[in-house]
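Data block for model_7.pdb (PDB, C-alpha atoms, pLDDT in the B column):
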ATOM      1  CA  MET O 184      85.215 129.286  77.187  1.00 62.00           C
ATOM      2  CA  ALA O 185      87.541 131.559  75.181  1.00 70.00           C
ATOM      3  CA  VAL O 186      91.137 130.437  74.666  1.00 74.00           C
ATOM      4  CA  GLU O 187      94.263 132.383  73.820  1.00 68.00           C
ATOM      5  CA  SER O 188      94.816 130.794  70.383  1.00 68.00           C
ATOM      6  CA  PRO O 189      93.429 127.893  68.304  1.00 65.00           C
ATOM      7  CA  ASP O 190      96.096 125.512  69.598  1.00 69.00           C
ATOM      8  CA  SER O 191      95.878 126.546  73.289  1.00 75.00           C
ATOM      9  CA  PRO O 192      95.470 123.829  75.944  1.00 73.00           C
ATOM     10  CA  GLY O 193      91.821 123.001  76.472  1.00 68.00           C
ATOM     11  CA  ALA O 194      90.693 124.099  73.012  1.00 70.00           C
ATOM     12  CA  THR O 195      89.988 120.501  72.042  1.00 72.00           C
ATOM     13  CA  GLY O 196      89.304 117.257  73.846  1.00 71.00           C
ATOM     14  CA  PRO O 197      86.570 114.781  74.748  1.00 69.00           C
ATOM     15  CA  GLY O 198      83.179 116.467  74.948  1.00 70.00           C
ATOM     16  CA  VAL O 199      84.545 119.842  73.742  1.00 76.00           C
ATOM     17  CA  LEU O 200      82.873 121.596  70.804  1.00 76.00           C
ATOM     18  CA  THR O 201      85.520 123.821  69.196  1.00 76.00           C
ATOM     19  CA  VAL O 202      84.091 126.956  67.569  1.00 77.00           C
ATOM     20  CA  GLY O 203      85.999 129.345  65.306  1.00 73.00           C
ATOM     21  CA  LEU O 204      84.883 132.999  65.300  1.00 72.00           C
ATOM     22  CA  GLY O 205      85.365 135.476  62.486  1.00 65.00           C
ATOM     23  CA  GLY O 206      87.383 135.212  59.315  1.00 59.00           C
ATOM     24  CA  ALA O 207      86.294 133.316  56.217  1.00 56.00           C
ATOM     25  CA  LEU O 208      87.344 129.776  57.151  1.00 58.00           C
ATOM     26  CA  GLY O 209      84.753 127.052  57.309  1.00 60.00           C
ATOM     27  CA  ALA O 210      84.336 124.199  59.776  1.00 59.00           C
ATOM     28  CA  GLY O 211      87.168 121.684  59.720  1.00 56.00           C
ATOM     29  CA  VAL O 212      89.669 124.263  58.472  1.00 52.00           C
ATOM     30  CA  GLY O 213      91.885 126.411  60.605  1.00 56.00           C
ATOM     31  CA  PRO O 214      95.434 127.232  61.722  1.00 57.00           C
ATOM     32  CA  GLY O 215      96.689 124.602  64.145  1.00 60.00           C
ATOM     33  CA  VAL O 216      93.272 123.249  65.177  1.00 63.00           C
ATOM     34  CA  ALA O 217      90.335 122.386  62.934  1.00 66.00           C
ATOM     35  CA  ALA O 218      87.170 123.912  64.423  1.00 73.00           C
ATOM     36  CA  ASP O 219      84.044 121.773  64.655  1.00 76.00           C
ATOM     37  CA  VAL O 220      81.903 124.834  63.902  1.00 77.00           C
ATOM     38  CA  ALA O 221      82.789 128.114  62.154  1.00 77.00           C
ATOM     39  CA  VAL O 222      80.705 131.223  62.942  1.00 79.00           C
ATOM     40  CA  ASN O 223      81.282 134.215  60.686  1.00 78.00           C
ATOM     41  CA  GLY O 224      79.286 137.425  60.402  1.00 79.00           C
ATOM     42  CA  PRO O 225      78.899 141.024  61.582  1.00 82.00           C
ATOM     43  CA  LEU O 226      78.945 141.997  65.260  1.00 78.00           C
ATOM     44  CA  GLY O 227      75.158 142.269  65.534  1.00 83.00           C
ATOM     45  CA  ALA O 228      74.725 138.744  64.215  1.00 83.00           C
ATOM     46  CA  HIS O 229      77.257 137.445  66.747  1.00 80.00           C
ATOM     47  CA  LEU O 230      75.380 139.093  69.628  1.00 81.00           C
ATOM     48  CA  LEU O 231      72.131 137.441  68.589  1.00 85.00           C
ATOM     49  CA  THR O 232      73.773 134.074  67.856  1.00 84.00           C
ATOM     50  CA  TRP O 233      75.579 133.716  71.172  1.00 80.00           C
ATOM     51  CA  THR O 234      72.652 134.966  73.255  1.00 84.00           C
ATOM     52  CA  TYR O 235      70.539 132.253  71.670  1.00 84.00           C
ATOM     53  CA  ALA O 236      73.343 129.693  72.100  1.00 82.00           C
ATOM     54  CA  ALA O 237      73.638 130.510  75.834  1.00 76.00           C
ATOM     55  CA  ALA O 238      69.893 130.059  76.315  1.00 79.00           C
ATOM     56  CA  THR O 239      69.954 126.766  74.413  1.00 82.00           C
ATOM     57  CA  ALA O 240      72.868 125.478  76.504  1.00 73.00           C
ATOM     58  CA  ALA O 241      71.048 126.505  79.690  1.00 67.00           C
ATOM     59  CA  VAL O 242      68.012 124.439  78.733  1.00 70.00           C
ATOM     60  CA  THR O 243      70.241 121.478  77.883  1.00 69.00           C
ATOM     61  CA  LEU O 244      72.164 121.741  81.164  1.00 60.00           C
ATOM     62  CA  ARG O 245      69.031 122.675  83.144  1.00 58.00           C
ATOM     63  CA  THR O 246      70.575 125.788  84.619  1.00 53.00           C
ATOM     64  CA  ASP O 247      69.894 129.515  84.292  1.00 48.00           C
ATOM     65  CA  PRO O 248      72.816 131.429  82.735  1.00 42.00           C
ATOM     66  CA  PHE O 249      71.134 134.737  83.519  1.00 42.00           C
ATOM     67  CA  ALA O 250      70.554 134.140  87.223  1.00 44.00           C
ATOM     68  CA  ALA O 251      71.776 137.065  89.290  1.00 40.00           C
ATOM     69  CA  PRO O 252      74.810 136.387  91.492  1.00 40.00           C
ATOM     70  CA  ALA O 253      73.970 135.943  95.152  1.00 38.00           C
ATOM     71  CA  ALA O 254      73.609 139.250  96.947  1.00 41.00           C
ATOM     72  CA  ALA O 255      76.129 139.813  99.690  1.00 44.00           C
ATOM     73  CA  ALA O 256      75.970 142.416 102.446  1.00 40.00           C
ATOM     74  CA  ALA O 257      78.906 144.790 102.450  1.00 37.00           C
ATOM     75  CA  ASP O 258      79.845 143.956 106.029  1.00 38.00           C
ATOM     76  CA  ASP O 259      80.070 140.181 105.414  1.00 45.00           C
ATOM     77  CA  GLU O 260      83.257 138.527 106.593  1.00 45.00           C
ATOM     78  CA  ALA O 261      85.414 137.471 103.644  1.00 42.00           C
ATOM     79  CA  ASP O 262      86.847 134.479 105.505  1.00 47.00           C
ATOM     80  CA  SER O 263      84.815 131.752 107.159  1.00 60.00           C
ATOM     81  CA  GLY O 264      87.773 130.522 109.191  1.00 83.00           C
ATOM     82  CA  PRO O 265      91.570 130.289 109.292  1.00 93.00           C
ATOM     83  CA  PRO O 266      93.438 129.071 106.196  1.00 96.00           C
ATOM     84  CA  SER O 267      94.208 125.376 105.919  1.00 96.00           C
ATOM     85  CA  SER O 268      97.817 126.321 105.172  1.00 97.00           C
ATOM     86  CA  VAL O 269      99.998 129.338 104.427  1.00 97.00           C
ATOM     87  CA  GLN O 270     102.757 129.013 101.835  1.00 96.00           C
ATOM     88  CA  ASP O 271     104.847 132.139 101.263  1.00 97.00           C
ATOM     89  CA  ALA O 272     102.483 134.731  99.712  1.00 98.00           C
ATOM     90  CA  ILE O 273      99.446 132.421  99.400  1.00 98.00           C
ATOM     91  CA  GLU O 274      96.859 131.410 101.984  1.00 98.00           C
ATOM     92  CA  VAL O 275      95.095 128.169 101.049  1.00 98.00           C
ATOM     93  CA  TYR O 276      91.444 127.699 102.023  1.00 97.00           C
ATOM     94  CA  ALA O 277      90.923 124.072 101.008  1.00 96.00           C
ATOM     95  CA  PRO O 278      87.401 122.581 101.004  1.00 93.00           C
ATOM     96  CA  SER O 279      86.552 119.537 103.078  1.00 91.00           C
ATOM     97  CA  GLY O 280      88.362 116.437 101.840  1.00 92.00           C
ATOM     98  CA  ALA O 281      91.064 118.333  99.945  1.00 96.00           C
ATOM     99  CA  PRO O 282      94.765 118.410 100.878  1.00 97.00           C
ATOM    100  CA  ALA O 283      95.748 121.467 102.877  1.00 97.00           C
ATOM    101  CA  ASP O 284      98.837 122.407 100.852  1.00 97.00           C
ATOM    102  CA  LEU O 285      98.803 124.471  97.650  1.00 97.00           C
ATOM    103  CA  THR O 286     100.063 121.831  95.208  1.00 96.00           C
ATOM    104  CA  GLY O 287      97.940 119.078  96.735  1.00 96.00           C
ATOM    105  CA  ALA O 288      94.798 121.219  96.681  1.00 97.00           C
ATOM    106  CA  LEU O 289      95.307 122.168  93.023  1.00 96.00           C
ATOM    107  CA  CYS O 290      95.859 118.516  92.050  1.00 95.00           C
ATOM    108  CA  TRP O 291      92.749 117.512  94.007  1.00 96.00           C
ATOM    109  CA  LEU O 292      90.703 120.152  92.200  1.00 95.00           C
ATOM    110  CA  LEU O 293      91.855 119.026  88.741  1.00 94.00           C
ATOM    111  CA  GLU O 294      91.756 115.292  89.353  1.00 94.00           C
ATOM    112  CA  GLY O 295      88.188 115.450  90.641  1.00 92.00           C
ATOM    113  CA  LEU O 296      86.697 116.870  87.430  1.00 92.00           C
ATOM    114  CA  GLY O 297      84.018 114.606  85.965  1.00 88.00           C
ATOM    115  CA  GLU O 298      83.381 113.906  82.300  1.00 84.00           C
ATOM    116  CA  ARG O 299      80.700 116.628  82.104  1.00 83.00           C
ATOM    117  CA  GLU O 300      82.445 119.149  84.346  1.00 89.00           C
ATOM    118  CA  HIS O 301      84.897 121.986  83.811  1.00 91.00           C
ATOM    119  CA  LEU O 302      87.131 124.105  86.039  1.00 94.00           C
ATOM    120  CA  ALA O 303      86.026 127.732  86.501  1.00 93.00           C
ATOM    121  CA  VAL O 304      88.736 130.132  87.710  1.00 95.00           C
ATOM    122  CA  THR O 305      87.532 133.490  89.079  1.00 95.00           C
ATOM    123  CA  ALA O 306      90.046 136.143  90.150  1.00 96.00           C
ATOM    124  CA  TYR O 307      88.873 138.946  92.457  1.00 96.00           C
ATOM    125  CA  LEU O 308      91.898 141.049  91.627  1.00 95.00           C
ATOM    126  CA  ASP O 309      92.887 143.965  89.372  1.00 93.00           C
ATOM    127  CA  PRO O 310      92.623 143.028  85.658  1.00 94.00           C
ATOM    128  CA  ARG O 311      95.364 145.547  84.866  1.00 94.00           C
ATOM    129  CA  ALA O 312      97.844 145.349  87.736  1.00 95.00           C
ATOM    130  CA  ASP O 313      97.401 141.576  88.078  1.00 97.00           C
ATOM    131  CA  ALA O 314      96.934 140.837  84.358  1.00 97.00           C
ATOM    132  CA  ALA O 315      99.667 138.174  84.387  1.00 97.00           C
ATOM    133  CA  LEU O 316      97.338 135.881  86.341  1.00 97.00           C
ATOM    134  CA  ALA O 317      95.344 135.232  83.158  1.00 96.00           C
ATOM    135  CA  GLY O 318      98.231 132.955  82.189  1.00 96.00           C
ATOM    136  CA  LEU O 319      96.978 130.525  84.818  1.00 97.00           C
ATOM    137  CA  ARG O 320      94.224 129.194  82.534  1.00 95.00           C
ATOM    138  CA  PRO O 321      96.459 127.457  79.941  1.00 94.00           C
ATOM    139  CA  LEU O 322      98.761 126.147  82.670  1.00 94.00           C
ATOM    140  CA  LEU O 323      95.883 124.389  84.425  1.00 95.00           C
ATOM    141  CA  ALA O 324      94.347 123.262  81.135  1.00 92.00           C
ATOM    142  CA  ARG O 325      97.543 121.369  80.288  1.00 90.00           C
ATOM    143  CA  HIS O 326      97.015 119.155  83.318  1.00 88.00           C
ATOM    144  CA  THR O 327      93.388 118.186  82.776  1.00 87.00           C
ATOM    145  CA  ARG O 328      91.379 116.809  79.873  1.00 79.00           C
ATOM    146  CA  ARG O 329      88.472 119.089  80.767  1.00 85.00           C
ATOM    147  CA  PRO O 330      87.866 122.727  79.748  1.00 90.00           C
ATOM    148  CA  VAL O 331      89.201 125.498  82.004  1.00 93.00           C
ATOM    149  CA  THR O 332      87.640 128.976  82.028  1.00 91.00           C
ATOM    150  CA  PHE O 333      89.037 132.213  83.501  1.00 94.00           C
ATOM    151  CA  THR O 334      87.202 135.406  84.429  1.00 93.00           C
ATOM    152  CA  TRP O 335      87.735 138.436  86.638  1.00 93.00           C
ATOM    153  CA  GLY O 336      85.317 138.636  89.562  1.00 87.00           C
ATOM    154  CA  PRO O 337      82.622 139.238  90.441  1.00 81.00           C
ATOM    155  CA  ARG O 338      81.231 136.395  88.361  1.00 66.00           C
ATOM    156  CA  ARG O 339      78.959 137.491  85.547  1.00 55.00           C
ATOM    157  CA  PRO O 340      75.622 135.690  85.196  1.00 46.00           C
ATOM    158  CA  GLU O 341      76.864 133.510  82.337  1.00 45.00           C
ATOM    159  CA  HIS O 342      79.537 132.093  84.663  1.00 48.00           C
ATOM    160  CA  THR O 343      76.948 130.930  87.199  1.00 50.00           C
ATOM    161  CA  ASP O 344      76.965 127.180  86.623  1.00 54.00           C
ATOM    162  CA  THR O 345      76.146 123.959  88.392  1.00 55.00           C
ATOM    163  CA  ARG O 346      78.438 121.589  86.495  1.00 74.00           C
ATOM    164  CA  GLY O 347      81.947 122.551  87.475  1.00 87.00           C
ATOM    165  CA  ARG O 348      84.605 122.883  90.129  1.00 94.00           C
ATOM    166  CA  HIS O 349      85.765 126.325  91.130  1.00 95.00           C
ATOM    167  CA  LEU O 350      89.039 128.051  91.928  1.00 97.00           C
ATOM    168  CA  GLN O 351      88.539 131.471  93.518  1.00 97.00           C
ATOM    169  CA  ILE O 352      91.497 133.819  93.884  1.00 97.00           C
ATOM    170  CA  THR O 353      91.385 136.867  96.151  1.00 97.00           C
ATOM    171  CA  GLY O 354      94.101 139.253  97.269  1.00 96.00           C
ATOM    172  CA  ALA O 355      95.155 141.673  99.986  1.00 96.00           C
ATOM    173  CA  VAL O 356      94.366 145.346  99.354  1.00 94.00           C
ATOM    174  CA  THR O 357      96.877 148.055 100.251  1.00 90.00           C
ATOM    175  CA  ASP O 358      95.181 151.107  98.685  1.00 90.00           C
ATOM    176  CA  ASP O 359      91.450 151.292  99.327  1.00 92.00           C
ATOM    177  CA  LEU O 360      88.741 153.883  98.692  1.00 92.00           C
ATOM    178  CA  GLU O 361      85.370 154.599 100.238  1.00 93.00           C
ATOM    179  CA  VAL O 362      82.324 153.888  98.074  1.00 90.00           C
ATOM    180  CA  PRO O 363      80.612 157.293  97.693  1.00 91.00           C
ATOM    181  CA  GLY O 364      77.436 157.439  99.746  1.00 90.00           C
ATOM    182  CA  ARG O 365      77.938 153.969 101.259  1.00 88.00           C
ATOM    183  CA  PRO O 366      79.288 152.880 104.679  1.00 89.00           C
ATOM    184  CA  TYR O 367      81.939 150.553 103.197  1.00 88.00           C
ATOM    185  CA  THR O 368      84.977 150.571 100.948  1.00 91.00           C
ATOM    186  CA  PHE O 369      85.533 149.080  97.499  1.00 91.00           C
ATOM    187  CA  ALA O 370      87.731 146.368  99.028  1.00 91.00           C
ATOM    188  CA  GLN O 371      84.989 145.436 101.504  1.00 91.00           C
ATOM    189  CA  LEU O 372      82.448 145.325  98.685  1.00 89.00           C
ATOM    190  CA  GLN O 373      84.687 143.078  96.571  1.00 90.00           C
ATOM    191  CA  ALA O 374      85.317 140.757  99.535  1.00 90.00           C
ATOM    192  CA  ALA O 375      81.577 140.553 100.180  1.00 89.00           C
ATOM    193  CA  GLN O 376      80.922 139.696  96.520  1.00 89.00           C
ATOM    194  CA  ALA O 377      83.517 136.927  96.660  1.00 91.00           C
ATOM    195  CA  ALA O 378      82.022 135.588  99.889  1.00 90.00           C
ATOM    196  CA  GLY O 379      78.550 135.674  98.336  1.00 88.00           C
ATOM    197  CA  ASP O 380      79.746 133.672  95.349  1.00 88.00           C
ATOM    198  CA  ARG O 381      81.329 131.072  97.634  1.00 89.00           C
ATOM    199  CA  ARG O 382      78.099 130.719  99.601  1.00 87.00           C
ATOM    200  CA  ALA O 383      76.043 130.388  96.422  1.00 85.00           C
ATOM    201  CA  LEU O 384      78.337 127.672  95.065  1.00 87.00           C
ATOM    202  CA  ALA O 385      78.418 125.873  98.416  1.00 83.00           C
ATOM    203  CA  GLY O 386      74.631 125.856  98.364  1.00 80.00           C
ATOM    204  CA  ARG O 387      74.807 124.016  95.055  1.00 81.00           C
ATOM    205  CA  GLU O 388      77.367 121.623  96.553  1.00 84.00           C
ATOM    206  CA  ARG O 389      80.069 122.738  94.134  1.00 87.00           C
ATOM    207  CA  PRO O 390      83.689 122.339  95.347  1.00 91.00           C
ATOM    208  CA  VAL O 391      85.419 125.704  95.758  1.00 94.00           C
ATOM    209  CA  LEU O 392      89.140 126.114  96.444  1.00 96.00           C
ATOM    210  CA  ARG O 393      90.011 129.647  97.552  1.00 97.00           C
ATOM    211  CA  LEU O 394      93.524 131.038  97.329  1.00 98.00           C
ATOM    212  CA  HIS O 395      94.231 134.399  98.972  1.00 97.00           C
ATOM    213  CA  LEU O 396      97.315 136.334  97.868  1.00 98.00           C
ATOM    214  CA  THR O 397      98.751 138.188 100.850  1.00 97.00           C
ATOM    215  CA  LYS O 398     101.184 139.952  98.502  1.00 97.00           C
ATOM    216  CA  ARG O 399      99.731 140.455  95.040  1.00 96.00           C
ATOM    217  CA  ALA O 400     102.774 140.379  92.721  1.00 97.00           C
ATOM    218  CA  ALA O 401     104.612 137.690  94.693  1.00 98.00           C
ATOM    219  CA  GLY O 402     101.440 135.613  95.007  1.00 98.00           C
ATOM    220  CA  VAL O 403     100.690 135.743  91.274  1.00 98.00           C
ATOM    221  CA  ALA O 404     104.245 134.680  90.426  1.00 98.00           C
ATOM    222  CA  GLN O 405     104.149 131.879  93.028  1.00 98.00           C
ATOM    223  CA  LEU O 406     100.792 130.565  91.781  1.00 98.00           C
ATOM    224  CA  LEU O 407     101.890 130.566  88.135  1.00 97.00           C
ATOM    225  CA  ASP O 408     105.086 128.749  89.082  1.00 97.00           C
ATOM    226  CA  THR O 409     103.202 126.154  91.145  1.00 97.00           C
ATOM    227  CA  ALA O 410     100.597 125.573  88.414  1.00 95.00           C
ATOM    228  CA  GLY O 411     103.355 125.153  85.843  1.00 93.00           C
ATOM    229  CA  ARG O 412     104.966 122.402  87.945  1.00 89.00           C
ATOM    230  CA  THR O 413     101.714 120.682  88.963  1.00 83.00           C
ATOM    231  CA  ARG O 414     101.244 117.157  87.651  1.00 75.00           C
ATOM    232  CA  THR O 415      97.981 115.198  87.797  1.00 66.00           C
TER     233      THR O 415
END

Can you present the structure in this file as structure tokens?
Amino acid sequence: MAVESPDSPGATGPGVLTVGLGGALGAGVGPGVAADVAVNGPLGAHLLTWTYAAATAAVTLRTDPFAAPAAAAADDEADSGPPSSVQDAIEVYAPSGAPADLTGALCWLLEGLGEREHLAVTAYLDPRADAALAGLRPLLARHTRRPVTFTWGPRRPEHTDTRGRHLQITGAVTDDLEVPGRPYTFAQLQAAQAAGDRRALAGRERPVLRLHLTKRAAGVAQLLDTAGRTRT
């Protein structure tokens, strides 16, 4: 996972290998946090190094980091049923066994992380208009001793894992466009991709908590506030 700065929550901890990229500092030296490994070199060398590192990790974890995300038909329903609860601008779709409310579901997700697991947050939103949501990663990382990753959906192949819990965030769309030459819109395509990811993770028996923002800006602010006050 990439963190905001060397001393960000989740950068260190049990079972975490901290890697410093770029610069001229060696391992064990760094501002705020001493990296376990320092990787310095030109861009081409980094591309080769981290491709090899991903393949090595996949063999160790017995998973395929380059597996294609599950295909989803454009007319798939985004929701498999009614939300477990609705709190202001957020609909909570809690998995079986999890509390129905927002705070309880988040605590359940964090508290259930095993020693070899991490929390993967995927946001099917607008990376520009909803950019503030990226601040969710350090807030959640403060409340768990496990790594927390954040990416904008759809999930890229390297985020397809079998050793984590998942928080999926979707949002209502007010301005939509038709996909040229296709019988569906971009919002329908994005919803289908999110649904496909949930099905793929469910097939691997990975817990997935979905939060749907009925109002984007208000939902982002509410989620950040709730995560900041969550205690595990």

**Request:** Apply the PyMOL selection byres ((chain O and resi 301) around 9) to the structure shown and report the selected residues as a ChimeraX atom specification.
**Result:** /O:296-300,302-303,329-332,346-349

**Message:** List as a list in words the protein and nucleic acid residues near Thr305 (chain O), meaning an atom at most 8 Å away when all atoms listed in the file are counted, but skip any in the same chain fewer than 3 places from it.
**Reply:** Phe333, Thr334, Trp335, Gly336, Pro337, Arg338, His349, Leu350, Gln351 and Ile352 of chain O

**Prompt:** Looking at only C-alpha atoms, which of O:Ala324, O:Gln270, O:Leu319, O:Ala283 is the one that sits closest to Asp408 (chain O)?
**Reply:** O:Leu319

**Message:** Using only C-alpha atoms, can you tell me which of O:Leu230, O:Cys290, O:Arg393, O:Gly280 comes closest to Val304 (chain O)?
**Reply:** O:Arg393

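As for CA of Tyr276 (chain O) and CA of Ala288 (chain O), they are spaced 9.0 Å apart.
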
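When all atoms listed in the file are used to compute distances to Leu308 (chain O), the closest of the residues O:Gly287, O:Gly354, O:Gly411, O:Pro225 turns out to be O:Gly354.
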
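Excluding Trp233 (chain O) itself and same-chain residues fewer than 5 positions from it, the residues having an atom within 12 Å of it are Val202, Leu204, Val222, Asn223, Gly224, Leu226, Gly227, Ala228, Ala238, Thr239, Ala240 and Glu341 of chain O, counting only C-alpha atoms.
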
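CA of Asp271 (chain O) to CA of Thr353 (chain O) spans 15.2 Å [interatomic distance, one decimal].
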
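Here CA of Thr357 (chain O) stands at a distance of 10.1 Å from CA of Thr397 (chain O).
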